[in-house]
Amino acid sequence: MSETRWLDDEEQRTWRAYLSTSHLLQEALERQLQRDSGMPHAYYMILVCLSESPGRTMTMTQLGVVTQFSASRLSHAMARLEEKGWVRRVKHHEDRRATVAELTDEGFKALAEAAPGHVEEVRRFLFDPLTRDQMRQFHDILSTILAGIECPPTFTAPVEEATA
């Protein structure tokens with residue numbers, strides 16, 4: 001067994017700064033969406049994914065992959081979103097075994113109302129403190145890290161085909 005490669009002081013400071021930043025940013029986004037729109041960030045992510053898909057639809061499998069939610073977490077969230085009238089689940093027209101999630105007009109309206117406040121919060125905490133060059137460097141750094149992690153596509157990955 002190889003020897004543990006402990007973090008040096010600079011790596012430890014960087015790691016802890018990342019953890020704090022990530023945690024505080026997620027909490028700030030969650031608070032803002034709950035306060036202003038009455039929805040958790042997870043629901044917002046689902047609505048965004050559906051709004052950006054052709055026909056505002058995706059199979060539940062695709063939606064789970066893109067959001068990286070477990071089947072049970074996604075199912076629970078979808079049930080709550082259906083109660084609000086923001087989404088509906090229907091059987092796939094070609095493959096009755098597949099379920100399709102569809103963003104309703106009411107859901108699109110809720111998303112459109114929530115988006116400005118959410119974007120302002122993202123801008124305030126993530127982009128406003130950075131110069132344009134720092135933002136580009138940050139993107140490059142994050143892309144490098146993501147490329148080294150073997151996992152399914154992330155929330156920002158493009159969707160191949162919404163009804164496949």
# chains A, B, ... in the order shown; residues from 1 in each chain; ligands from 1
>>> residues_around(residues="Val87 of chain A", least_positions_apart="6", cutoff="12 Å", atoms="only C-alpha atoms", output="VMD selection string")
chain A and resid 43 to 44 46 to 51 56 to 58 60 75 77 to 81 100 to 111
>>> write_last_selection(atoms="N, CA and C atoms", output="compact mmCIF listing (two decimals), in the first residue's frame")
# COMPACT_ATOMS: atom_id res chain seq x y z
N TYR A 43 -35.72 21.80 -7.25
CA TYR A 43 -36.87 21.95 -8.12
C TYR A 43 -36.56 22.92 -9.25
N TYR A 44 -35.86 23.98 -8.91
CA TYR A 44 -35.45 24.96 -9.92
C TYR A 44 -34.61 24.28 -11.00
N ILE A 46 -34.62 21.16 -11.95
CA ILE A 46 -35.48 20.31 -12.78
C ILE A 46 -36.22 21.17 -13.80
N LEU A 47 -36.80 22.27 -13.34
CA LEU A 47 -37.54 23.15 -14.25
C LEU A 47 -36.63 23.71 -15.33
N VAL A 48 -35.41 24.09 -14.97
CA VAL A 48 -34.46 24.61 -15.96
C VAL A 48 -34.15 23.53 -17.01
N CYS A 49 -33.84 22.33 -16.54
CA CYS A 49 -33.52 21.24 -17.49
C CYS A 49 -34.66 21.01 -18.47
N LEU A 50 -35.87 20.95 -17.96
CA LEU A 50 -37.02 20.73 -18.84
C LEU A 50 -37.24 21.91 -19.77
N SER A 51 -37.05 23.13 -19.27
CA SER A 51 -37.29 24.32 -20.11
C SER A 51 -36.31 24.40 -21.27
N ARG A 56 -39.86 20.93 -24.19
CA ARG A 56 -39.90 21.00 -22.72
C ARG A 56 -40.15 19.64 -22.09
N THR A 57 -39.59 18.60 -22.69
CA THR A 57 -39.77 17.25 -22.17
C THR A 57 -38.45 16.49 -22.13
N MET A 58 -38.38 15.55 -21.21
CA MET A 58 -37.25 14.62 -21.11
C MET A 58 -37.80 13.34 -20.50
N MET A 60 -37.66 10.47 -17.76
CA MET A 60 -37.23 10.53 -16.36
C MET A 60 -35.79 10.05 -16.24
N SER A 75 -38.14 11.21 -8.23
CA SER A 75 -39.55 10.86 -8.15
C SER A 75 -40.27 11.69 -7.10
N ALA A 77 -39.34 14.69 -5.96
CA ALA A 77 -39.40 16.07 -6.45
C ALA A 77 -40.48 16.22 -7.52
N MET A 78 -40.56 15.25 -8.42
CA MET A 78 -41.56 15.33 -9.48
C MET A 78 -42.97 15.28 -8.91
N ALA A 79 -43.19 14.47 -7.87
CA ALA A 79 -44.51 14.41 -7.24
C ALA A 79 -44.90 15.78 -6.68
N ARG A 80 -43.96 16.47 -6.05
CA ARG A 80 -44.23 17.80 -5.49
C ARG A 80 -44.47 18.81 -6.62
N LEU A 81 -43.69 18.71 -7.68
CA LEU A 81 -43.86 19.63 -8.81
C LEU A 81 -45.19 19.37 -9.53
N VAL A 100 -42.13 10.14 -19.46
CA VAL A 100 -41.63 11.43 -19.92
C VAL A 100 -42.08 12.51 -18.93
N ALA A 101 -41.15 13.36 -18.54
CA ALA A 101 -41.46 14.52 -17.72
C ALA A 101 -41.67 15.70 -18.65
N GLU A 102 -42.72 16.45 -18.40
CA GLU A 102 -43.05 17.57 -19.26
C GLU A 102 -43.29 18.82 -18.41
N LEU A 103 -42.67 19.91 -18.80
CA LEU A 103 -42.86 21.19 -18.13
C LEU A 103 -44.16 21.81 -18.62
N THR A 104 -45.05 22.14 -17.70
CA THR A 104 -46.33 22.76 -18.08
C THR A 104 -46.13 24.26 -18.29
N ASP A 105 -47.14 24.89 -18.85
CA ASP A 105 -47.09 26.35 -19.01
C ASP A 105 -46.99 27.02 -17.64
N GLU A 106 -47.70 26.46 -16.64
CA GLU A 106 -47.62 27.01 -15.28
C GLU A 106 -46.22 26.86 -14.72
N GLY A 107 -45.57 25.74 -15.01
CA GLY A 107 -44.20 25.52 -14.56
C GLY A 107 -43.23 26.47 -15.23
N PHE A 108 -43.44 26.69 -16.52
CA PHE A 108 -42.58 27.62 -17.24
C PHE A 108 -42.75 29.03 -16.68
N LYS A 109 -43.97 29.40 -16.35
CA LYS A 109 -44.24 30.71 -15.76
C LYS A 109 -43.55 30.83 -14.40
N ALA A 110 -43.64 29.79 -13.57
CA ALA A 110 -42.99 29.80 -12.26
C ALA A 110 -41.47 29.95 -12.42
N LEU A 111 -40.91 29.24 -13.38
CA LEU A 111 -39.48 29.35 -13.64
C LEU A 111 -39.12 30.75 -14.11
>>> atom_distance(atom1="atom CA of Leu74 of chain A", atom2="atom CA of Pro116 of chain A")
24.5 Å
>>> closest_atom_pairs(of="segment 103-156 of chain A", to="segment 20-42 of chain A", cutoff="8 Å", atoms="only C-alpha atoms", output="Markdown table")
| residue | atom | partner | partner_atom | distance |
| --- | --- | --- | --- | --- |
| A:Ala110 | CA | A:Ser37 | CA | 7.9 |
| A:Glu113 | CA | A:Ser37 | CA | 7.7 |
| A:Ala114 | CA | A:Ser37 | CA | 5.6 |
| A:Gly117 | CA | A:Asp36 | CA | 7.4 |
| A:His118 | CA | A:Leu33 | CA | 6.5 |
| A:Glu121 | CA | A:Leu29 | CA | 6.7 |
| A:Val122 | CA | A:Leu29 | CA | 7.3 |
| A:Phe125 | CA | A:Leu25 | CA | 7.1 |
>>> write_last_selection(atoms="N, CA, C and O atoms", output="compact mmCIF listing (two decimals), in the first residue's frame")
# COMPACT_ATOMS: atom_id res chain seq x y z
N ALA A 110 -43.64 29.79 -13.57
CA ALA A 110 -42.99 29.80 -12.26
C ALA A 110 -41.47 29.95 -12.42
O ALA A 110 -40.83 30.70 -11.67
N GLU A 113 -40.57 33.48 -13.45
CA GLU A 113 -40.67 34.41 -12.33
C GLU A 113 -39.51 34.23 -11.36
O GLU A 113 -39.06 35.20 -10.73
N ALA A 114 -39.03 33.00 -11.20
CA ALA A 114 -37.94 32.71 -10.25
C ALA A 114 -36.57 33.07 -10.82
O ALA A 114 -35.65 33.41 -10.06
N GLY A 117 -34.35 36.60 -9.95
CA GLY A 117 -33.77 36.66 -8.62
C GLY A 117 -32.64 35.66 -8.45
O GLY A 117 -31.62 35.95 -7.81
N HIS A 118 -32.82 34.48 -9.02
CA HIS A 118 -31.78 33.44 -8.93
C HIS A 118 -30.52 33.89 -9.67
O HIS A 118 -29.41 33.80 -9.13
N GLU A 121 -28.64 36.48 -7.77
CA GLU A 121 -27.90 35.91 -6.64
C GLU A 121 -26.62 35.20 -7.13
O GLU A 121 -25.57 35.35 -6.52
N VAL A 122 -26.72 34.47 -8.22
CA VAL A 122 -25.54 33.82 -8.80
C VAL A 122 -24.52 34.88 -9.20
O VAL A 122 -23.33 34.77 -8.90
N PHE A 125 -22.86 36.61 -6.00
CA PHE A 125 -21.91 35.83 -5.21
C PHE A 125 -20.79 35.20 -6.03
O PHE A 125 -19.70 34.98 -5.52
>>> select_by_dssp(residues="segment 24-145 of chain A", states="strand (DSSP E or B)", output="PyMOL selection string")
chain A and resi 57-59+87-91+99-103
>>> write_last_selection(atoms="N, CA and C atoms", output="JSON list (two decimals), in the first residue's frame")
[["chain", "number", "residue", "atom", "x", "y", "z"],
["A", 57, "THR", "N", -39.59, 18.60, -22.69],
["A", 57, "THR", "CA", -39.77, 17.25, -22.17],
["A", 57, "THR", "C", -38.45, 16.49, -22.13],
["A", 58, "MET", "N", -38.38, 15.55, -21.21],
["A", 58, "MET", "CA", -37.25, 14.62, -21.11],
["A", 58, "MET", "C", -37.80, 13.34, -20.50],
["A", 59, "THR", "N", -37.15, 12.23, -20.83],
["A", 59, "THR", "CA", -37.52, 11.02, -20.10],
["A", 59, "THR", "C", -37.02, 11.19, -18.66],
["A", 87, "VAL", "N", -45.25, 20.44, -13.55],
["A", 87, "VAL", "CA", -44.81, 19.38, -14.45],
["A", 87, "VAL", "C", -45.90, 18.31, -14.52],
["A", 88, "ARG", "N", -45.78, 17.46, -15.50],
["A", 88, "ARG", "CA", -46.63, 16.26, -15.55],
["A", 88, "ARG", "C", -45.78, 15.12, -16.08],
["A", 89, "ARG", "N", -46.13, 13.93, -15.66],
["A", 89, "ARG", "CA", -45.45, 12.73, -16.15],
["A", 89, "ARG", "C", -46.44, 11.95, -17.00],
["A", 90, "VAL", "N", -45.97, 11.58, -18.18],
["A", 90, "VAL", "CA", -46.81, 10.81, -19.10],
["A", 90, "VAL", "C", -45.98, 9.68, -19.67],
["A", 91, "LYS", "N", -46.64, 8.67, -20.17],
["A", 91, "LYS", "CA", -45.94, 7.56, -20.83],
["A", 91, "LYS", "C", -45.41, 8.03, -22.17],
["A", 99, "THR", "N", -41.19, 6.81, -19.00],
["A", 99, "THR", "CA", -42.00, 7.93, -18.54],
["A", 99, "THR", "C", -41.32, 9.23, -18.95],
["A", 100, "VAL", "N", -42.13, 10.14, -19.46],
["A", 100, "VAL", "CA", -41.63, 11.43, -19.92],
["A", 100, "VAL", "C", -42.08, 12.51, -18.93],
["A", 101, "ALA", "N", -41.15, 13.36, -18.54],
["A", 101, "ALA", "CA", -41.46, 14.52, -17.72],
["A", 101, "ALA", "C", -41.67, 15.70, -18.65],
["A", 102, "GLU", "N", -42.72, 16.45, -18.40],
["A", 102, "GLU", "CA", -43.05, 17.57, -19.26],
["A", 102, "GLU", "C", -43.29, 18.82, -18.41],
["A", 103, "LEU", "N", -42.67, 19.91, -18.80],
["A", 103, "LEU", "CA", -42.86, 21.19, -18.13],
["A", 103, "LEU", "C", -44.16, 21.81, -18.62]]
>>> select_by_dssp(residues="segment 18-114 of chain A", states="helix (DSSP H, G or I)", output="short mmCIF file (atom, residue, chain, number, x, y, z; two decimals) with N, CA, C and O atoms, in the first residue's frame")
data_model
loop_
_atom_site.label_atom_id
_atom_site.label_comp_id
_atom_site.auth_asym_id
_atom_site.auth_seq_id
_atom_site.Cartn_x
_atom_site.Cartn_y
_atom_site.Cartn_z
N TYR A 18 -12.48 26.07 -0.87
CA TYR A 18 -13.45 25.50 -1.81
C TYR A 18 -14.68 24.97 -1.06
O TYR A 18 -15.81 25.24 -1.46
N LEU A 19 -14.45 24.19 0.00
CA LEU A 19 -15.57 23.62 0.76
C LEU A 19 -16.48 24.72 1.30
O LEU A 19 -17.71 24.65 1.18
N SER A 20 -15.89 25.73 1.90
CA SER A 20 -16.68 26.83 2.46
C SER A 20 -17.45 27.57 1.37
O SER A 20 -18.64 27.86 1.53
N THR A 21 -16.77 27.88 0.29
CA THR A 21 -17.40 28.60 -0.81
C THR A 21 -18.56 27.80 -1.39
O THR A 21 -19.67 28.33 -1.59
N SER A 22 -18.33 26.53 -1.67
CA SER A 22 -19.36 25.67 -2.24
C SER A 22 -20.57 25.59 -1.32
O SER A 22 -21.72 25.75 -1.75
N HIS A 23 -20.31 25.35 -0.04
CA HIS A 23 -21.40 25.21 0.93
C HIS A 23 -22.18 26.52 1.07
O HIS A 23 -23.42 26.52 1.01
N LEU A 24 -21.49 27.63 1.25
CA LEU A 24 -22.16 28.91 1.44
C LEU A 24 -22.92 29.36 0.19
O LEU A 24 -24.01 29.94 0.28
N LEU A 25 -22.35 29.10 -0.99
CA LEU A 25 -23.04 29.45 -2.23
C LEU A 25 -24.33 28.64 -2.38
O LEU A 25 -25.39 29.20 -2.69
N GLN A 26 -24.26 27.34 -2.13
CA GLN A 26 -25.47 26.51 -2.22
C GLN A 26 -26.53 26.96 -1.22
O GLN A 26 -27.72 27.03 -1.55
N GLU A 27 -26.10 27.28 0.00
CA GLU A 27 -27.06 27.77 1.00
C GLU A 27 -27.69 29.09 0.58
O GLU A 27 -28.89 29.29 0.75
N ALA A 28 -26.90 30.01 0.04
CA ALA A 28 -27.42 31.30 -0.40
C ALA A 28 -28.43 31.13 -1.53
O ALA A 28 -29.49 31.77 -1.52
N LEU A 29 -28.13 30.26 -2.49
CA LEU A 29 -29.05 30.03 -3.60
C LEU A 29 -30.34 29.38 -3.10
O LEU A 29 -31.44 29.73 -3.55
N GLU A 30 -30.20 28.44 -2.18
CA GLU A 30 -31.37 27.77 -1.61
C GLU A 30 -32.26 28.78 -0.87
O GLU A 30 -33.48 28.80 -1.06
N ARG A 31 -31.66 29.61 -0.03
CA ARG A 31 -32.42 30.61 0.73
C ARG A 31 -33.16 31.58 -0.20
O ARG A 31 -34.34 31.88 0.00
N GLN A 32 -32.45 32.06 -1.22
CA GLN A 32 -33.05 33.04 -2.13
C GLN A 32 -34.24 32.43 -2.86
O GLN A 32 -35.30 33.06 -2.95
N LEU A 33 -34.08 31.22 -3.38
CA LEU A 33 -35.20 30.60 -4.13
C LEU A 33 -36.37 30.30 -3.20
O LEU A 33 -37.53 30.51 -3.58
N GLN A 34 -36.10 29.81 -2.01
CA GLN A 34 -37.18 29.53 -1.06
C GLN A 34 -37.90 30.82 -0.68
O GLN A 34 -39.13 30.88 -0.67
N ARG A 35 -37.14 31.85 -0.37
CA ARG A 35 -37.70 33.13 0.06
C ARG A 35 -38.53 33.79 -1.04
O ARG A 35 -39.66 34.21 -0.84
N ASP A 36 -37.96 33.87 -2.24
CA ASP A 36 -38.58 34.64 -3.31
C ASP A 36 -39.56 33.84 -4.17
O ASP A 36 -40.46 34.42 -4.78
N SER A 37 -39.36 32.52 -4.25
CA SER A 37 -40.17 31.72 -5.18
C SER A 37 -40.83 30.51 -4.53
O SER A 37 -41.58 29.80 -5.19
N HIS A 41 -33.85 24.69 -4.51
CA HIS A 41 -32.94 24.76 -5.65
C HIS A 41 -33.07 23.52 -6.53
O HIS A 41 -32.99 23.61 -7.76
N ALA A 42 -33.29 22.36 -5.94
CA ALA A 42 -33.43 21.12 -6.71
C ALA A 42 -34.61 21.22 -7.68
O ALA A 42 -34.51 20.77 -8.83
N TYR A 43 -35.72 21.80 -7.25
CA TYR A 43 -36.87 21.95 -8.12
C TYR A 43 -36.56 22.92 -9.25
O TYR A 43 -36.96 22.71 -10.40
N TYR A 44 -35.86 23.98 -8.91
CA TYR A 44 -35.45 24.96 -9.92
C TYR A 44 -34.61 24.28 -11.00
O TYR A 44 -34.81 24.51 -12.20
N MET A 45 -33.67 23.42 -10.57
CA MET A 45 -32.81 22.72 -11.52
C MET A 45 -33.63 21.85 -12.47
O MET A 45 -33.37 21.80 -13.67
N ILE A 46 -34.62 21.16 -11.95
CA ILE A 46 -35.48 20.31 -12.78
C ILE A 46 -36.22 21.17 -13.80
O ILE A 46 -36.27 20.83 -14.99
N LEU A 47 -36.80 22.27 -13.34
CA LEU A 47 -37.54 23.15 -14.25
C LEU A 47 -36.63 23.71 -15.33
O LEU A 47 -37.03 23.79 -16.51
N VAL A 48 -35.41 24.09 -14.97
CA VAL A 48 -34.46 24.61 -15.96
C VAL A 48 -34.15 23.53 -17.01
O VAL A 48 -34.19 23.81 -18.22
N CYS A 49 -33.84 22.33 -16.54
CA CYS A 49 -33.52 21.24 -17.49
C CYS A 49 -34.66 21.01 -18.47
O CYS A 49 -34.44 20.89 -19.68
N LEU A 50 -35.87 20.95 -17.96
CA LEU A 50 -37.02 20.73 -18.84
C LEU A 50 -37.24 21.91 -19.77
O LEU A 50 -37.56 21.72 -20.95
N SER A 51 -37.05 23.13 -19.27
CA SER A 51 -37.29 24.32 -20.11
C SER A 51 -36.31 24.40 -21.27
O SER A 51 -36.63 24.97 -22.31
N PRO A 54 -35.94 20.17 -25.95
CA PRO A 54 -36.92 20.28 -27.03
C PRO A 54 -38.31 19.84 -26.55
O PRO A 54 -38.44 18.79 -25.89
N GLY A 55 -39.31 20.64 -26.81
CA GLY A 55 -40.67 20.32 -26.40
C GLY A 55 -40.87 20.40 -24.90
O GLY A 55 -41.90 19.96 -24.39
N ARG A 56 -39.86 20.93 -24.19
CA ARG A 56 -39.90 21.00 -22.72
C ARG A 56 -40.15 19.64 -22.09
O ARG A 56 -40.83 19.52 -21.08
N MET A 60 -37.66 10.47 -17.76
CA MET A 60 -37.23 10.53 -16.36
C MET A 60 -35.79 10.05 -16.24
O MET A 60 -35.03 10.60 -15.43
N THR A 61 -35.40 9.08 -17.04
CA THR A 61 -34.03 8.59 -17.01
C THR A 61 -33.06 9.69 -17.40
O THR A 61 -32.05 9.92 -16.72
N GLN A 62 -33.35 10.39 -18.49
CA GLN A 62 -32.49 11.50 -18.92
C GLN A 62 -32.42 12.59 -17.86
O GLN A 62 -31.35 13.11 -17.56
N LEU A 63 -33.56 12.92 -17.29
CA LEU A 63 -33.61 13.97 -16.28
C LEU A 63 -32.79 13.58 -15.06
O LEU A 63 -32.06 14.41 -14.50
N GLY A 64 -32.84 12.33 -14.67
CA GLY A 64 -32.03 11.84 -13.55
C GLY A 64 -30.55 11.93 -13.83
O GLY A 64 -29.76 12.31 -12.97
N VAL A 65 -30.16 11.62 -15.06
CA VAL A 65 -28.74 11.69 -15.43
C VAL A 65 -28.26 13.13 -15.44
O VAL A 65 -27.21 13.46 -14.88
N VAL A 66 -29.02 14.01 -16.06
CA VAL A 66 -28.59 15.40 -16.19
C VAL A 66 -28.55 16.11 -14.83
O VAL A 66 -27.63 16.86 -14.55
N THR A 67 -29.53 15.85 -13.97
CA THR A 67 -29.55 16.49 -12.66
C THR A 67 -28.69 15.75 -11.64
O THR A 67 -28.40 16.28 -10.58
N ALA A 71 -33.10 8.04 -8.44
CA ALA A 71 -34.46 7.82 -8.92
C ALA A 71 -35.48 8.21 -7.85
O ALA A 71 -36.50 8.84 -8.15
N SER A 72 -35.21 7.87 -6.59
CA SER A 72 -36.17 8.20 -5.53
C SER A 72 -36.25 9.70 -5.29
O SER A 72 -37.33 10.26 -5.10
N ARG A 73 -35.10 10.38 -5.29
CA ARG A 73 -35.11 11.84 -5.09
C ARG A 73 -35.85 12.53 -6.23
O ARG A 73 -36.64 13.45 -6.01
N LEU A 74 -35.59 12.10 -7.46
CA LEU A 74 -36.25 12.70 -8.61
C LEU A 74 -37.75 12.43 -8.56
O LEU A 74 -38.56 13.33 -8.81
N SER A 75 -38.14 11.21 -8.23
CA SER A 75 -39.55 10.86 -8.15
C SER A 75 -40.27 11.69 -7.10
O SER A 75 -41.38 12.21 -7.34
N HIS A 76 -39.64 11.87 -5.95
CA HIS A 76 -40.22 12.70 -4.88
C HIS A 76 -40.38 14.14 -5.35
O HIS A 76 -41.44 14.76 -5.15
N ALA A 77 -39.34 14.69 -5.96
CA ALA A 77 -39.40 16.07 -6.45
C ALA A 77 -40.48 16.22 -7.52
O ALA A 77 -41.24 17.19 -7.51
N MET A 78 -40.56 15.25 -8.42
CA MET A 78 -41.56 15.33 -9.48
C MET A 78 -42.97 15.28 -8.91
O MET A 78 -43.87 15.98 -9.39
N ALA A 79 -43.19 14.47 -7.87
CA ALA A 79 -44.51 14.41 -7.24
C ALA A 79 -44.90 15.78 -6.68
O ALA A 79 -46.04 16.23 -6.84
N ARG A 80 -43.96 16.47 -6.05
CA ARG A 80 -44.23 17.80 -5.49
C ARG A 80 -44.47 18.81 -6.62
O ARG A 80 -45.35 19.67 -6.50
N LEU A 81 -43.69 18.71 -7.68
CA LEU A 81 -43.86 19.63 -8.81
C LEU A 81 -45.19 19.37 -9.53
O LEU A 81 -45.83 20.32 -10.01
N GLU A 82 -45.61 18.11 -9.58
CA GLU A 82 -46.92 17.79 -10.16
C GLU A 82 -48.05 18.38 -9.31
O GLU A 82 -49.03 18.90 -9.86
N GLU A 83 -47.91 18.31 -7.98
CA GLU A 83 -48.91 18.88 -7.08
C GLU A 83 -49.09 20.37 -7.35
O GLU A 83 -50.21 20.89 -7.23
N ASP A 105 -47.14 24.89 -18.85
CA ASP A 105 -47.09 26.35 -19.01
C ASP A 105 -46.99 27.02 -17.64
O ASP A 105 -46.28 28.01 -17.48
N GLU A 106 -47.70 26.46 -16.64
CA GLU A 106 -47.62 27.01 -15.28
C GLU A 106 -46.22 26.86 -14.72
O GLU A 106 -45.71 27.76 -14.02
N GLY A 107 -45.57 25.74 -15.01
CA GLY A 107 -44.20 25.52 -14.56
C GLY A 107 -43.23 26.47 -15.23
O GLY A 107 -42.31 26.99 -14.60
N PHE A 108 -43.44 26.69 -16.52
CA PHE A 108 -42.58 27.62 -17.24
C PHE A 108 -42.75 29.03 -16.68
O PHE A 108 -41.78 29.77 -16.51
N LYS A 109 -43.97 29.40 -16.35
CA LYS A 109 -44.24 30.71 -15.76
C LYS A 109 -43.55 30.83 -14.40
O LYS A 109 -42.94 31.86 -14.10
N ALA A 110 -43.64 29.79 -13.57
CA ALA A 110 -42.99 29.80 -12.26
C ALA A 110 -41.47 29.95 -12.42
O ALA A 110 -40.83 30.70 -11.67
N LEU A 111 -40.91 29.24 -13.38
CA LEU A 111 -39.48 29.35 -13.64
C LEU A 111 -39.12 30.75 -14.11
O LEU A 111 -38.14 31.34 -13.63
N ALA A 112 -39.89 31.29 -15.03
CA ALA A 112 -39.62 32.64 -15.54
C ALA A 112 -39.69 33.68 -14.43
O ALA A 112 -38.92 34.65 -14.43
N GLU A 113 -40.57 33.48 -13.45
CA GLU A 113 -40.67 34.41 -12.33
C GLU A 113 -39.51 34.23 -11.36
O GLU A 113 -39.06 35.20 -10.73
N ALA A 114 -39.03 33.00 -11.20
CA ALA A 114 -37.94 32.71 -10.25
C ALA A 114 -36.57 33.07 -10.82
O ALA A 114 -35.65 33.41 -10.06
#
>>> decode(residues="segment 111-124 of chain A", atoms="N, CA, C and O atoms", output="short mmCIF file (atom, residue, chain, number, x, y, z; two decimals), in the first residue's frame")
data_model
loop_
_atom_site.label_atom_id
_atom_site.label_comp_id
_atom_site.auth_asym_id
_atom_site.auth_seq_id
_atom_site.Cartn_x
_atom_site.Cartn_y
_atom_site.Cartn_z
N LEU A 111 -40.91 29.24 -13.38
CA LEU A 111 -39.48 29.35 -13.64
C LEU A 111 -39.12 30.75 -14.11
O LEU A 111 -38.14 31.34 -13.63
N ALA A 112 -39.89 31.29 -15.03
CA ALA A 112 -39.62 32.64 -15.54
C ALA A 112 -39.69 33.68 -14.43
O ALA A 112 -38.92 34.65 -14.43
N GLU A 113 -40.57 33.48 -13.45
CA GLU A 113 -40.67 34.41 -12.33
C GLU A 113 -39.51 34.23 -11.36
O GLU A 113 -39.06 35.20 -10.73
N ALA A 114 -39.03 33.00 -11.20
CA ALA A 114 -37.94 32.71 -10.25
C ALA A 114 -36.57 33.07 -10.82
O ALA A 114 -35.65 33.41 -10.06
N ALA A 115 -36.41 32.99 -12.12
CA ALA A 115 -35.09 33.13 -12.75
C ALA A 115 -34.38 34.46 -12.48
O ALA A 115 -33.19 34.45 -12.16
N PRO A 116 -35.05 35.61 -12.59
CA PRO A 116 -34.31 36.86 -12.38
C PRO A 116 -33.64 36.96 -11.00
O PRO A 116 -32.48 37.35 -10.90
N GLY A 117 -34.35 36.60 -9.95
CA GLY A 117 -33.77 36.66 -8.62
C GLY A 117 -32.64 35.66 -8.45
O GLY A 117 -31.62 35.95 -7.81
N HIS A 118 -32.82 34.48 -9.02
CA HIS A 118 -31.78 33.44 -8.93
C HIS A 118 -30.52 33.89 -9.67
O HIS A 118 -29.41 33.80 -9.13
N VAL A 119 -30.69 34.40 -10.88
CA VAL A 119 -29.55 34.85 -11.67
C VAL A 119 -28.83 36.00 -10.95
O VAL A 119 -27.59 36.04 -10.93
N GLU A 120 -29.59 36.89 -10.36
CA GLU A 120 -28.97 38.01 -9.63
C GLU A 120 -28.14 37.49 -8.46
O GLU A 120 -27.04 37.98 -8.20
N GLU A 121 -28.64 36.48 -7.77
CA GLU A 121 -27.90 35.91 -6.64
C GLU A 121 -26.62 35.20 -7.13
O GLU A 121 -25.57 35.35 -6.52
N VAL A 122 -26.72 34.47 -8.22
CA VAL A 122 -25.54 33.82 -8.80
C VAL A 122 -24.52 34.88 -9.20
O VAL A 122 -23.33 34.77 -8.90
N ARG A 123 -24.99 35.89 -9.88
CA ARG A 123 -24.10 36.97 -10.32
C ARG A 123 -23.44 37.65 -9.11
O ARG A 123 -22.24 37.85 -9.08
N ARG A 124 -24.22 37.97 -8.10
CA ARG A 124 -23.72 38.69 -6.92
C ARG A 124 -22.63 37.91 -6.19
O ARG A 124 -21.60 38.46 -5.82
#
